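Visitor: Dropping in input_32.cif, which is mmCIF, C-alpha atoms:
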data_final
#
loop_
_atom_site.label_atom_id
_atom_site.label_comp_id
_atom_site.auth_asym_id
_atom_site.auth_seq_id
_atom_site.Cartn_x
_atom_site.Cartn_y
_atom_site.Cartn_z
CA MET A 29 -41.85 102.02 -169.68
CA LEU A 30 -38.84 101.76 -171.96
CA ARG A 31 -37.67 104.96 -173.60
CA SER A 32 -36.18 103.36 -176.70
CA GLY A 33 -37.23 100.71 -179.18
CA LEU A 34 -35.79 97.33 -180.07
CA THR A 35 -33.17 97.37 -182.80
CA SER A 36 -32.67 93.66 -183.49
CA ARG A 37 -33.58 92.38 -186.93
CA ARG A 38 -37.20 91.26 -187.17
CA TYR A 39 -38.60 88.20 -188.95
CA THR A 40 -42.23 87.74 -189.85
CA VAL A 41 -43.64 84.22 -189.62
CA GLU A 42 -47.11 82.71 -189.82
CA ASP A 43 -47.26 81.39 -186.28
CA ALA A 44 -45.33 80.12 -183.27
CA LEU A 45 -44.56 76.73 -184.82
CA GLU A 46 -43.04 78.38 -187.87
CA ALA A 47 -40.99 80.61 -185.57
CA ILE A 48 -39.70 77.56 -183.69
CA GLU A 49 -38.61 75.96 -186.98
CA LEU A 50 -36.99 79.22 -188.13
CA TYR A 51 -34.86 79.33 -184.98
CA PHE A 52 -33.79 75.72 -185.53
CA GLU A 53 -32.87 76.49 -189.15
CA LYS A 54 -30.87 79.55 -188.15
CA GLY A 55 -28.89 77.57 -185.57
CA TRP A 56 -30.14 79.74 -182.70
CA THR A 57 -31.22 77.01 -180.28
CA ASP A 58 -29.54 74.54 -177.95
CA GLY A 59 -31.25 71.70 -179.80
CA LEU A 60 -34.61 72.14 -178.09
CA PRO A 61 -37.53 74.26 -179.28
CA VAL A 62 -37.60 77.86 -178.07
CA VAL A 63 -40.36 80.25 -177.09
CA PRO A 64 -40.78 82.75 -179.96
CA PRO A 65 -39.38 86.10 -178.80
CA THR A 66 -42.09 88.62 -179.61
CA GLU A 67 -41.83 92.33 -178.85
CA GLU A 68 -44.27 92.13 -175.97
CA ARG A 69 -42.37 89.31 -174.28
CA ILE A 70 -38.97 90.97 -174.80
CA ARG A 71 -40.23 94.25 -173.37
CA ALA A 72 -41.60 92.46 -170.29
CA MET A 73 -38.11 91.03 -169.68
CA LEU A 74 -36.48 94.45 -169.97
CA GLU A 75 -39.07 96.10 -167.76
CA ALA A 76 -38.51 93.46 -165.08
CA VAL A 77 -34.92 94.70 -164.69
CA GLY A 78 -35.51 98.34 -165.64
CA LEU A 79 -32.88 98.26 -168.38
CA GLU A 80 -33.01 100.00 -171.74
CA PRO A 81 -32.46 97.73 -174.76
CA ASP A 82 -29.04 99.20 -175.58
CA HIS A 83 -27.74 98.92 -172.01
CA GLU A 84 -24.47 96.99 -172.05
CA ILE A 85 -24.59 94.31 -169.36
CA THR A 86 -21.05 93.15 -170.01
CA PHE A 87 -18.35 93.24 -172.65
CA ILE A 88 -16.51 90.07 -173.60
CA THR A 89 -13.07 91.41 -174.47
CA ASN A 90 -11.60 88.54 -176.41
CA ARG A 91 -14.73 88.38 -178.59
CA GLN A 92 -15.06 92.17 -178.78
CA THR A 93 -18.73 91.63 -178.09
CA ALA A 94 -21.07 93.84 -176.10
CA VAL A 95 -23.79 91.81 -174.42
CA THR A 96 -26.78 94.15 -174.41
CA ALA A 97 -29.96 93.96 -172.38
CA GLU A 98 -32.00 93.58 -175.58
CA LYS A 99 -30.14 90.43 -176.64
CA VAL A 100 -30.22 88.98 -173.13
CA ALA A 101 -33.97 89.63 -173.00
CA ILE A 102 -34.54 87.96 -176.39
CA ASN A 103 -32.59 84.88 -175.34
CA ALA A 104 -34.32 84.78 -171.94
CA VAL A 105 -37.71 84.70 -173.71
CA MET A 106 -36.44 81.94 -176.00
CA ALA A 107 -35.25 79.93 -172.97
CA GLY A 108 -38.73 80.08 -171.41
CA CYS A 109 -37.87 82.42 -168.53
CA LYS A 110 -40.53 84.33 -166.68
CA PRO A 111 -39.74 88.05 -166.47
CA GLU A 112 -39.17 87.75 -162.71
CA SER A 113 -36.20 85.45 -163.43
CA MET A 114 -34.52 88.09 -165.58
CA PRO A 115 -32.58 89.71 -162.67
CA VAL A 116 -30.83 86.38 -162.07
CA VAL A 117 -29.93 86.05 -165.76
CA VAL A 118 -28.52 89.58 -165.81
CA ALA A 119 -26.39 88.96 -162.70
CA ALA A 120 -25.08 85.71 -164.18
CA ILE A 121 -24.11 87.47 -167.40
CA GLU A 122 -22.26 90.10 -165.35
CA ALA A 123 -20.44 87.25 -163.63
CA ILE A 124 -19.23 85.49 -166.78
CA GLY A 125 -18.02 88.85 -168.12
CA ASP A 126 -15.97 89.47 -164.98
CA PRO A 127 -12.22 89.16 -165.76
CA ARG A 128 -11.81 86.84 -162.76
CA TRP A 129 -14.12 84.34 -164.47
CA CYS A 130 -11.90 84.57 -167.56
CA TYR A 131 -14.53 83.86 -170.25
CA HIS A 132 -12.09 82.79 -172.92
CA GLY A 133 -10.85 79.81 -170.89
CA PRO A 134 -13.98 77.99 -169.76
CA GLY A 135 -15.93 79.20 -172.79
CA THR A 136 -13.65 77.57 -175.32
CA SER A 137 -11.59 74.91 -173.55
CA THR A 138 -11.48 71.22 -174.42
CA GLY A 139 -12.04 70.77 -170.66
CA GLY A 140 -15.80 71.02 -171.21
CA ALA A 141 -16.86 73.26 -168.35
CA ALA A 142 -20.46 74.33 -167.91
CA VAL A 143 -21.58 77.42 -166.03
CA LEU A 144 -22.70 76.35 -162.56
CA MET A 145 -24.92 78.92 -160.86
CA ILE A 146 -25.73 78.84 -157.16
CA VAL A 147 -28.54 81.20 -156.21
CA ASN A 148 -28.87 82.54 -152.66
CA GLY A 149 -31.17 84.93 -150.87
CA PRO A 150 -34.89 85.68 -150.89
CA ILE A 151 -35.24 85.53 -154.68
CA ALA A 152 -34.72 81.75 -154.70
CA PRO A 153 -37.95 80.79 -152.88
CA ARG A 154 -39.75 83.64 -154.65
CA LEU A 155 -38.91 82.05 -158.02
CA GLN A 156 -39.71 78.59 -156.57
CA MET A 157 -36.18 77.50 -157.31
CA ASN A 158 -35.27 73.96 -156.40
CA SER A 159 -32.75 73.46 -153.59
CA GLY A 160 -33.93 70.00 -152.57
CA ASP A 161 -34.89 66.65 -154.09
CA ASN A 162 -33.42 65.87 -157.52
CA LEU A 163 -31.22 68.93 -157.12
CA PHE A 164 -29.44 68.76 -160.47
CA GLY A 165 -32.36 67.19 -162.29
CA PRO A 166 -35.25 68.53 -164.34
CA GLY A 167 -38.62 69.76 -163.19
CA TRP A 168 -38.30 73.34 -161.99
CA ARG A 169 -38.90 76.18 -164.41
CA ALA A 170 -36.57 78.76 -162.88
CA ASN A 171 -33.64 76.34 -162.55
CA ALA A 172 -34.19 75.03 -166.07
CA THR A 173 -34.71 78.31 -167.88
CA ILE A 174 -32.23 80.64 -166.16
CA GLY A 175 -29.31 78.38 -167.01
CA ARG A 176 -30.68 77.80 -170.47
CA ALA A 177 -30.94 81.56 -171.07
CA GLU A 178 -27.34 82.04 -170.03
CA ARG A 179 -26.15 79.27 -172.38
CA LEU A 180 -28.20 80.73 -175.26
CA ASP A 181 -26.45 84.06 -174.63
CA MET A 182 -23.09 82.31 -174.81
CA ARG A 183 -24.14 80.73 -178.09
CA ASN A 184 -26.09 83.47 -179.83
CA VAL A 185 -24.59 86.67 -178.44
CA ILE A 186 -21.00 85.69 -177.70
CA GLY A 187 -20.64 83.14 -180.49
CA THR A 188 -19.57 80.21 -178.33
CA LEU A 189 -20.80 77.56 -180.76
CA PRO A 190 -20.08 73.89 -180.05
CA GLY A 191 -17.43 72.55 -182.41
CA ARG A 192 -16.33 76.05 -183.35
CA LEU A 193 -15.40 78.34 -180.47
CA ASP A 194 -16.59 75.88 -177.84
CA ARG A 195 -14.13 73.02 -178.34
CA SER A 196 -15.21 70.87 -175.38
CA THR A 197 -14.06 67.31 -175.89
CA LEU A 198 -16.98 65.89 -173.91
CA GLY A 199 -19.02 68.65 -172.28
CA HIS A 200 -21.88 67.52 -170.05
CA ALA A 201 -25.60 67.95 -169.55
CA GLY A 202 -24.99 70.97 -167.29
CA LYS A 203 -24.34 72.88 -170.49
CA PHE A 204 -28.10 72.91 -171.06
CA THR A 205 -28.66 74.36 -167.59
CA TYR A 206 -26.80 74.06 -164.27
CA VAL A 207 -28.65 76.13 -161.72
CA ILE A 208 -29.28 75.28 -158.08
CA ALA A 209 -30.34 77.23 -155.01
CA GLU A 210 -28.89 76.73 -151.54
CA ASN A 211 -31.34 75.22 -149.05
CA GLU A 212 -31.09 78.15 -146.67
CA GLY A 213 -34.28 77.17 -144.83
CA ASP A 214 -32.85 73.90 -143.51
CA SER A 215 -29.16 74.74 -143.51
CA PRO A 216 -27.43 75.09 -140.14
CA TRP A 217 -24.72 77.24 -141.75
CA PRO A 218 -24.41 80.78 -143.15
CA PRO A 219 -25.41 80.85 -146.83
CA LEU A 220 -22.74 80.93 -149.50
CA HIS A 221 -23.43 84.54 -150.52
CA VAL A 222 -23.12 85.74 -146.92
CA GLU A 223 -19.74 84.04 -146.67
CA ARG A 224 -18.84 85.90 -149.86
CA GLY A 225 -19.69 89.34 -148.57
CA PHE A 226 -23.43 89.85 -149.04
CA SER A 227 -26.15 90.23 -146.44
CA PRO A 228 -28.81 87.54 -145.85
CA GLU A 229 -31.48 89.95 -147.15
CA GLN A 230 -29.69 90.36 -150.46
CA SER A 231 -29.93 87.87 -153.30
CA ALA A 232 -26.84 86.84 -155.22
CA VAL A 233 -25.68 84.30 -157.76
CA THR A 234 -22.32 82.55 -157.57
CA VAL A 235 -21.09 81.45 -160.97
CA MET A 236 -18.36 78.86 -161.39
CA ALA A 237 -16.98 77.13 -164.48
CA ALA A 238 -17.57 73.53 -163.56
CA GLU A 239 -17.45 69.89 -164.49
CA ALA A 240 -20.46 67.66 -163.84
CA PRO A 241 -21.44 66.83 -160.24
CA HIS A 242 -19.83 63.70 -158.82
CA GLN A 243 -22.06 61.92 -156.31
CA PHE A 244 -20.58 60.07 -153.33
CA TYR A 245 -22.22 57.69 -150.90
CA ASN A 246 -21.79 57.17 -147.17
CA GLN A 247 -24.56 55.42 -145.27
CA LEU A 248 -22.35 53.93 -142.57
CA SER A 249 -20.94 56.83 -140.66
CA ASN A 250 -22.77 59.12 -138.26
CA THR A 251 -19.88 61.51 -137.74
CA ALA A 252 -18.68 64.53 -139.67
CA GLU A 253 -15.24 63.05 -139.97
CA GLY A 254 -16.58 59.75 -141.31
CA VAL A 255 -18.74 61.31 -144.02
CA LEU A 256 -16.06 63.76 -145.08
CA THR A 257 -13.36 61.08 -145.14
CA THR A 258 -15.37 59.26 -147.80
CA LEU A 259 -15.83 62.50 -149.71
CA CYS A 260 -12.11 63.27 -149.60
CA ASP A 261 -11.13 59.80 -150.80
CA ASP A 262 -13.34 60.28 -153.87
CA MET A 263 -12.38 63.87 -154.42
CA ARG A 264 -8.63 63.50 -153.97
CA ILE A 265 -8.08 61.85 -157.34
CA SER A 266 -10.54 64.01 -159.29
CA GLY A 267 -8.19 66.89 -160.03
CA ASN A 268 -6.00 67.18 -163.05
CA ALA A 269 -2.24 66.96 -162.63
CA ARG A 270 -1.86 70.56 -161.52
CA GLY A 271 -4.92 70.52 -159.26
CA GLN A 272 -8.13 72.39 -159.85
CA SER A 273 -8.83 76.03 -159.31
CA GLN A 274 -11.84 75.45 -157.06
CA TYR A 275 -14.45 72.91 -155.97
CA VAL A 276 -18.02 73.10 -154.78
CA VAL A 277 -19.06 70.58 -152.13
CA VAL A 278 -22.83 70.09 -152.02
CA LEU A 279 -24.04 68.53 -148.78
CA ALA A 280 -27.54 67.08 -148.96
CA GLY A 281 -29.97 66.53 -146.08
CA GLU A 282 -28.65 63.48 -144.22
CA HIS A 283 -24.98 64.41 -144.48
CA MET A 284 -25.76 68.03 -143.66
CA ARG A 285 -27.50 67.00 -140.44
CA ILE A 286 -24.76 64.53 -139.41
CA ILE A 287 -21.99 67.08 -139.96
CA ALA A 288 -23.88 69.88 -138.21
CA ALA A 289 -24.70 67.62 -135.24
CA ASP A 290 -20.96 67.28 -134.64
CA GLY A 291 -20.76 71.08 -134.45
CA TRP A 292 -18.71 71.55 -137.62
CA SER A 293 -18.89 74.91 -139.37
CA LYS A 294 -18.41 75.45 -143.10
CA ALA A 295 -14.87 76.64 -142.27
CA ASP A 296 -14.21 73.35 -140.42
CA ILE A 297 -15.45 71.42 -143.46
CA ARG A 298 -13.24 73.42 -145.83
CA LYS A 299 -10.17 72.92 -143.63
CA PHE A 300 -10.73 69.17 -143.27
CA VAL A 301 -11.39 68.65 -146.98
CA PHE A 302 -8.38 70.76 -147.96
CA GLU A 303 -6.08 68.80 -145.64
CA HIS A 304 -7.36 65.38 -146.69
CA THR A 305 -7.26 65.75 -150.47
CA HIS A 306 -3.51 66.08 -150.94
CA ASN A 307 -1.82 63.69 -153.35
CA SER A 308 1.77 62.57 -153.09
CA VAL A 309 3.92 63.35 -156.09
CA ALA A 310 4.74 59.63 -156.18
CA HIS A 311 1.04 58.81 -156.63
CA LEU A 312 0.69 61.41 -159.38
CA LYS A 313 3.71 59.93 -161.15
CA ARG A 314 2.51 56.33 -160.70
CA THR A 315 -0.80 57.23 -162.27
CA HIS A 316 0.84 59.14 -165.14
CA ARG A 317 -0.49 62.53 -164.12
CA VAL A 318 3.04 63.84 -163.64
CA VAL A 319 6.00 62.69 -165.73
CA GLY A 320 9.33 61.42 -164.54
CA PRO A 321 10.83 58.64 -162.44
CA ILE A 322 9.66 58.32 -158.85
CA LYS A 323 12.25 59.60 -156.38
CA PRO A 324 12.20 58.57 -152.69
CA GLU A 325 11.15 62.07 -151.59
CA ASP A 326 8.13 61.92 -153.94
CA GLU A 327 6.39 59.62 -151.44
CA THR A 328 6.28 62.39 -148.83
CA THR A 329 6.07 65.44 -151.09
CA VAL A 330 2.41 66.36 -151.48
CA ARG A 331 0.35 68.58 -153.73
CA ALA A 332 -2.86 70.19 -152.60
CA LEU A 333 -5.96 69.76 -154.77
CA VAL A 334 -6.82 73.48 -154.64
CA PRO A 335 -4.71 76.50 -153.69
CA SER A 336 -6.38 77.10 -150.30
CA PRO A 337 -9.31 75.94 -148.10
CA GLU A 338 -11.24 79.00 -149.30
CA ASP A 339 -11.26 77.45 -152.78
CA ILE A 340 -13.70 74.82 -151.53
CA LEU A 341 -17.20 76.33 -151.65
CA VAL A 342 -19.59 74.53 -149.30
CA VAL A 343 -23.30 74.56 -150.16
CA ALA A 344 -26.20 72.95 -148.30
CA ALA A 345 -28.59 71.57 -150.92
CA GLY A 346 -30.17 68.35 -152.15
CA GLY A 347 -32.87 65.97 -150.98
CA ARG A 348 -33.74 65.39 -147.33
CA ALA A 349 -33.40 61.61 -147.61
CA GLY A 350 -30.49 59.56 -148.93
CA ALA A 351 -26.88 59.22 -147.85
CA PHE A 352 -25.56 61.05 -150.88
CA SER A 353 -23.81 64.32 -151.42
CA ALA A 354 -21.66 65.63 -154.26
CA TYR A 355 -18.52 67.47 -155.17
CA ILE A 356 -18.08 69.53 -158.31
CA PRO A 357 -14.63 70.20 -159.76
CA GLY A 358 -14.12 73.64 -161.18
CA TRP A 359 -12.48 74.18 -164.51
CA GLY A 360 -8.78 74.62 -165.13
CA GLY A 361 -5.71 74.84 -163.00
CA LYS A 362 -4.87 77.10 -160.15
CA ARG A 363 -6.18 80.64 -160.55
CA THR A 364 -7.24 80.30 -164.20
CA SER A 365 -10.95 80.92 -163.60
CA GLU A 366 -12.51 81.87 -160.29
CA ALA A 367 -16.05 81.61 -158.99
CA VAL A 368 -17.64 85.06 -159.06
CA THR A 369 -20.60 86.18 -156.93
CA LYS A 370 -22.84 89.00 -158.18
CA LEU A 371 -25.71 90.82 -156.55
CA ILE A 372 -29.13 90.10 -158.02
CA ARG A 373 -30.97 93.40 -158.26
CA ALA A 374 -34.57 92.43 -157.65
CA MET B 16 -56.81 85.34 -191.97
CA MET B 17 -54.59 84.71 -188.93
CA ALA B 18 -52.32 87.49 -187.65
CA LYS B 19 -48.69 87.00 -188.45
CA LEU B 20 -46.05 86.89 -185.77
CA GLU B 21 -42.97 89.12 -185.58
CA VAL B 22 -39.92 87.63 -183.87
CA PHE B 23 -36.41 88.94 -183.20
CA ASP B 24 -32.84 87.95 -184.03
CA PRO B 25 -31.04 86.80 -180.86
CA THR B 26 -27.49 87.08 -182.23
CA THR B 27 -24.80 89.74 -182.13
CA ASP B 28 -21.92 90.27 -184.51
CA PRO B 29 -18.55 90.94 -182.87
CA LYS B 30 -17.07 94.38 -183.43
CA GLU B 31 -14.53 94.44 -186.23
CA GLN B 32 -11.13 95.32 -184.92
CA PRO B 33 -8.17 96.17 -187.14
CA ILE B 34 -4.96 94.39 -186.19
CA THR B 35 -1.73 95.88 -187.41
CA TYR B 36 1.33 93.71 -187.70
CA VAL B 37 4.81 95.16 -187.66
CA ALA B 38 6.80 94.56 -190.82
CA ARG B 39 8.54 91.21 -190.80
CA PRO B 40 12.35 91.35 -190.96
CA ASP B 41 13.99 90.23 -194.21
CA SER B 42 16.44 88.17 -192.25
CA LEU B 43 16.66 86.76 -188.72
CA LYS B 44 20.42 87.23 -188.66
CA GLY B 45 21.42 88.79 -185.35
CA LYS B 46 17.80 89.26 -184.27
CA ARG B 47 17.02 88.69 -180.60
CA ILE B 48 14.31 86.05 -180.25
CA GLY B 49 11.54 86.14 -177.66
CA LEU B 50 9.52 83.02 -176.89
CA VAL B 51 6.20 83.18 -175.01
CA GLU B 52 5.23 79.96 -173.31
CA ASN B 53 1.57 79.39 -172.48
CA THR B 54 2.00 76.96 -169.50
CA LYS B 55 0.67 73.96 -171.44
CA HIS B 56 2.68 70.79 -170.93
CA ASN B 57 5.78 70.69 -173.18
CA SER B 58 5.09 74.10 -174.72
CA ASP B 59 8.40 75.32 -173.24
CA ARG B 60 10.29 72.43 -174.83
CA LEU B 61 8.68 73.02 -178.22
CA LEU B 62 9.39 76.75 -178.17
CA LEU B 63 13.00 76.32 -177.03
CA LYS B 64 13.48 73.87 -179.89
CA ILE B 65 12.04 76.41 -182.32
CA GLY B 66 14.31 79.08 -180.81
CA LYS B 67 17.33 76.83 -181.35
CA ILE B 68 16.40 76.22 -184.99
CA LEU B 69 16.04 79.98 -185.52
CA GLN B 70 19.52 80.44 -184.04
CA ASP B 71 21.28 77.49 -185.71
CA GLU B 72 19.70 77.63 -189.14
CA TYR B 73 18.69 81.28 -189.51
CA GLY B 74 21.44 83.11 -187.60
CA GLY B 75 19.21 84.46 -184.83
CA ALA B 76 20.87 85.92 -181.72
CA GLU B 77 20.02 84.77 -178.20
CA ALA B 78 16.58 83.27 -177.49
CA ARG B 79 14.83 84.02 -174.21
CA ILE B 80 11.61 82.47 -172.95
CA TRP B 81 8.79 84.06 -170.91
CA ARG B 82 5.78 82.37 -169.28
CA LYS B 83 2.21 83.68 -169.39
CA HIS B 84 0.01 83.43 -166.29
CA ASN B 85 -2.09 80.76 -167.99
CA SER B 86 -3.07 79.63 -171.46
CA SER B 87 -6.48 81.36 -171.43
CA VAL B 88 -5.27 84.92 -171.01
CA PRO B 89 -3.17 87.25 -173.16
CA ALA B 90 0.45 87.76 -172.16
CA HIS B 91 0.50 90.18 -169.21
CA GLN B 92 1.92 93.67 -169.42
CA GLU B 93 5.19 92.86 -167.66
CA ILE B 94 5.99 90.26 -170.35
CA LEU B 95 4.98 92.62 -173.14
CA ASP B 96 7.18 95.40 -171.74
CA GLU B 97 10.20 93.13 -171.43
CA LEU B 98 9.64 91.62 -174.88
CA SER B 99 9.34 94.96 -176.61
CA ALA B 100 12.44 96.23 -174.80
CA SER B 101 14.69 93.24 -175.36
CA CYS B 102 13.58 91.32 -178.47
CA ASP B 103 13.37 91.92 -182.19
CA VAL B 104 11.14 88.97 -183.08
CA MET B 105 8.91 86.70 -181.05
CA VAL B 106 7.23 83.32 -181.27
CA ALA B 107 4.04 82.36 -179.42
CA GLY B 108 1.36 79.77 -179.93
CA ILE B 109 -1.42 77.76 -178.38
CA GLY B 110 -2.46 74.16 -178.69
CA ASP B 111 -3.08 70.92 -176.85
#
Have the structure of the file written as structure tokens, please.
Guide:
Amino acid sequence: MLRSGLTSRRYTVEDALEAIELYFEKGWTDGLPVVPPTEERIRAMLEAVGLEPDHEITFITNRQTAVTAEKVAINAVMAGCKPESMPVVVAAIEAIGDPRWCYHGPGTSTGGAAVLMIVNGPIAPRLQMNSGDNLFGPGWRANATIGRAERLDMRNVIGTLPGRLDRSTLGHAGKFTYVIAENEGDSPWPPLHVERGFSPEQSAVTVMAAEAPHQFYNQLSNTAEGVLTTLCDDMRISGNARGQSQYVVVLAGEHMRIIAADGWSKADIRKFVFEHTHNSVAHLKRTHRVVGPIKPEDETTVRALVPSPEDILVVAAGGRAGAFSAYIPGWGGKRTSEAVTKLIRA
Amino acid sequence: MMAKLEVFDPTTDPKEQPITYVARPDSLKGKRIGLVENTKHNSDRLLLKIGKILQDEYGGAEARIWRKHNSSVPAHQEILDELSASCDVMVAGIGD
């Protein structure tokens, strides 16, 4: 039971439909109808995480805004979350408030990043999170509503309104929700959160400022090197002139099995992808990503896509059938915003 | 009569924070100029040009330029310490 009451301003309406219209009129939605946040529903969210309403989950320094449990609970109700998803929402909010994530950059930039969340550990199957077919698509409540709740917090609590503080030139659909789980059941590799310091029994969410997923196709090769060579050729030119801070590589069923059958570890994948995504300075100049005349040495001087192999996060997820996988560019240049992994307390 | 529904405001207002500016000098004559570059392409060229105008047309003393870690973060402490120790006025900005 909560010790203290809710302090947010209350509005009285006739019914749920009037509440939905009120939230549209107030500019409190992402463009879709919301679930009316009643006291009972908000309290259920708070009780699911054992947090008092005034508990500060994070503080966004450049906005001088405290993100409290009460506001996160209200927005989670609005997004359609079940209370058992609330621990994931709280962990994700902690992550975007971490200085390493650098909220001000990806939150406001013309670069149009969304907040990619990768959920690992036992909570993912418990919430029936999708890690398989139609990975980035609609159809799963937890994936759809957890990401939506986080974006509503960015909008309503932190004030990241499109066209005002959020100055994305293009944005992408991941800004509605961008939540996946790793397919730990079928994966031959250690899960992402274990690589990042957690135990397999713990649940964690890795949050990265990210562009949209870019799908690649390879149905011809049955070797790790063949599949990853295609990936690297696509990925190599996807960075901006100064390279990206990080990438996620999502390997779906067929590619996952081909690469694992060759005995490659996630570290082997990272090393290969890092080494095969360099661009020559001459190429960057020819394609007007770097200014200046091409000098002879530019042909052999190379720039890496990311600072190190560890900046390529490898995740096993996606449908069992189909010769497709994906890479996801992070936002910004080297070391501007880093993926952050937080424990999910559930 | 149907029961009415009570719903809650999901927004937060940012804390108000007073910002105090130092008094602006009456003249730039002899003032040491600090320039803070934000790493965006050409921002160094623009700021150096501004520094030169402040020297040539307003009598400013030397202009020195510093570079932030990246455009999304405030200038780091090392820059702030050096600026406050060695400059009288400074110019910074952000844009694409």
Visitor: Might you pull out every residue within 8 Å of Asn85 (chain B), with all atoms listed in the file counted and same-chain residues fewer than 6 positions away left off, and present them as a ChimeraX atom specification?
Guide: /A:364 /B:53-54
Visitor: Would you write out, as JSON lines, a table of all residues in chain B that have an atom no more than 7 Å from an atom of chain A, listing for each the closest atom pair and the distance in Å to one decimal, considering only C-alpha atoms and ordering rows by chain and rising residue number?
Guide:
{"residue": "B:Lys19", "atom": "CA", "partner": "A:Glu42", "partner_atom": "CA", "distance": 4.8}
{"residue": "B:Leu20", "atom": "CA", "partner": "A:Val41", "partner_atom": "CA", "distance": 5.3}
{"residue": "B:Glu21", "atom": "CA", "partner": "A:Thr40", "partner_atom": "CA", "distance": 4.5}
{"residue": "B:Val22", "atom": "CA", "partner": "A:Thr66", "partner_atom": "CA", "distance": 4.9}
{"residue": "B:Phe23", "atom": "CA", "partner": "A:Arg38", "partner_atom": "CA", "distance": 4.7}
{"residue": "B:Asp24", "atom": "CA", "partner": "A:Arg37", "partner_atom": "CA", "distance": 5.3}
{"residue": "B:Pro25", "atom": "CA", "partner": "A:Lys99", "partner_atom": "CA", "distance": 5.6}
{"residue": "B:Thr26", "atom": "CA", "partner": "A:Asn184", "partner_atom": "CA", "distance": 4.6}
{"residue": "B:Thr27", "atom": "CA", "partner": "A:Val185", "partner_atom": "CA", "distance": 4.8}
{"residue": "B:Pro29", "atom": "CA", "partner": "A:Thr93", "partner_atom": "CA", "distance": 4.8}
{"residue": "B:Lys30", "atom": "CA", "partner": "A:Gln92", "partner_atom": "CA", "distance": 5.5}
{"residue": "B:Asn85", "atom": "CA", "partner": "A:Thr364", "partner_atom": "CA", "distance": 6.4}
{"residue": "B:Ser87", "atom": "CA", "partner": "A:Gly133", "partner_atom": "CA", "distance": 4.7}
Visitor: I'd like the neighbourhood of Cys109 (chain A) as a list in words, where a residue qualifies if any of its atoms comes within 8 Å (using all atoms listed in the file), though same-chain residues fewer than 5 positions away should be ignored.
Guide: Ala104, Met114, Arg169, Ala170, Thr173, Ile174 and Ala177 of chain A
Visitor: Let me know the residues the PyMOL selection byres ((chain A and resi 295) around 12) catches in the file above, as a ChimeraX atom specification.
Guide: /A:217-218,220,223,288,291-294,296-302,336-343
Visitor: To verify the selection step, state as a VMD selection string which residues the PyMOL selection byres ((chain B and resi 101) around 12) yields on this input.
Guide: chain B and resid 46 to 50 76 to 81 94 to 100 102 to 105
Visitor: Determine, counting all atoms listed in the file, which protein, DNA and RNA residues have an atom within 6 Å of an atom of region 69-75 of chain B; residues of the same chain fewer than 2 positions away are not included. Present the result as a ChimeraX atom specification.
Guide: /B:43-46,66-67
Visitor: For the selection you just gave me, I'd like the residues written to a file as a CSV table (one decimal), in the coordinates of the input, keeping C-alpha atoms.
Guide:
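Output contents, as saved in result-v8.csv:
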chain,number,residue,atom,x,y,z
B,43,LEU,CA,16.7,86.8,-188.7
B,44,LYS,CA,20.4,87.2,-188.7
B,45,GLY,CA,21.4,88.8,-185.4
B,46,LYS,CA,17.8,89.3,-184.3
B,66,GLY,CA,14.3,79.1,-180.8
B,67,LYS,CA,17.3,76.8,-181.4
Visitor: In the coordinates of the file, take the point (-29.8, 67.3, -161.3) and a cut-off of 12 Å; then, counting all atoms listed in the file, name each qualifying protein, DNA or RNA residue as a compact mmCIF listing (two decimals) with C-alpha atoms, in the coordinates of the input.
Guide:
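Final output, saved to selection_29.txt:
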# COMPACT_ATOMS: atom_id res chain seq x y z
CA LEU A 144 -22.70 76.35 -162.56
CA ASN A 158 -35.27 73.96 -156.40
CA SER A 159 -32.75 73.46 -153.59
CA GLY A 160 -33.93 70.00 -152.57
CA ASP A 161 -34.89 66.65 -154.09
CA ASN A 162 -33.42 65.87 -157.52
CA LEU A 163 -31.22 68.93 -157.12
CA PHE A 164 -29.44 68.76 -160.47
CA GLY A 165 -32.36 67.19 -162.29
CA PRO A 166 -35.25 68.53 -164.34
CA GLY A 167 -38.62 69.76 -163.19
CA TRP A 168 -38.30 73.34 -161.99
CA ASN A 171 -33.64 76.34 -162.55
CA ALA A 172 -34.19 75.03 -166.07
CA HIS A 200 -21.88 67.52 -170.05
CA ALA A 201 -25.60 67.95 -169.55
CA GLY A 202 -24.99 70.97 -167.29
CA PHE A 204 -28.10 72.91 -171.06
CA THR A 205 -28.66 74.36 -167.59
CA TYR A 206 -26.80 74.06 -164.27
CA VAL A 207 -28.65 76.13 -161.72
CA ILE A 208 -29.28 75.28 -158.08
CA ALA A 209 -30.34 77.23 -155.01
CA ALA A 240 -20.46 67.66 -163.84
CA PRO A 241 -21.44 66.83 -160.24
CA HIS A 242 -19.83 63.70 -158.82
CA GLN A 243 -22.06 61.92 -156.31
CA VAL A 278 -22.83 70.09 -152.02
CA ALA A 345 -28.59 71.57 -150.92
CA GLY A 346 -30.17 68.35 -152.15
CA GLY A 347 -32.87 65.97 -150.98
CA SER A 353 -23.81 64.32 -151.42
CA ALA A 354 -21.66 65.63 -154.26
Visitor: So how far away is CA of Ala237 (chain A) from CA of Gly140 (chain A), in Å?
Guide: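 Computing the Euclidean distance for CA of Gly140 (chain A) and CA of Ala237 (chain A) yields 9.2 Å.
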Visitor: Provide the CA of Arg264 (chain A) to CA of Leu333 (chain A) distance in Å, to one decimal place.
Guide: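 According to the coordinates, CA of Arg264 (chain A) and CA of Leu333 (chain A) are separated by 6.9 Å.
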Visitor: Output the residue selection produced by the PyMOL selection byres ((chain A and resi 311) around 12) on the file above, formatted as a PyMOL selection string.
Guide: chain A and resi 264-265+269+306-310+312-331
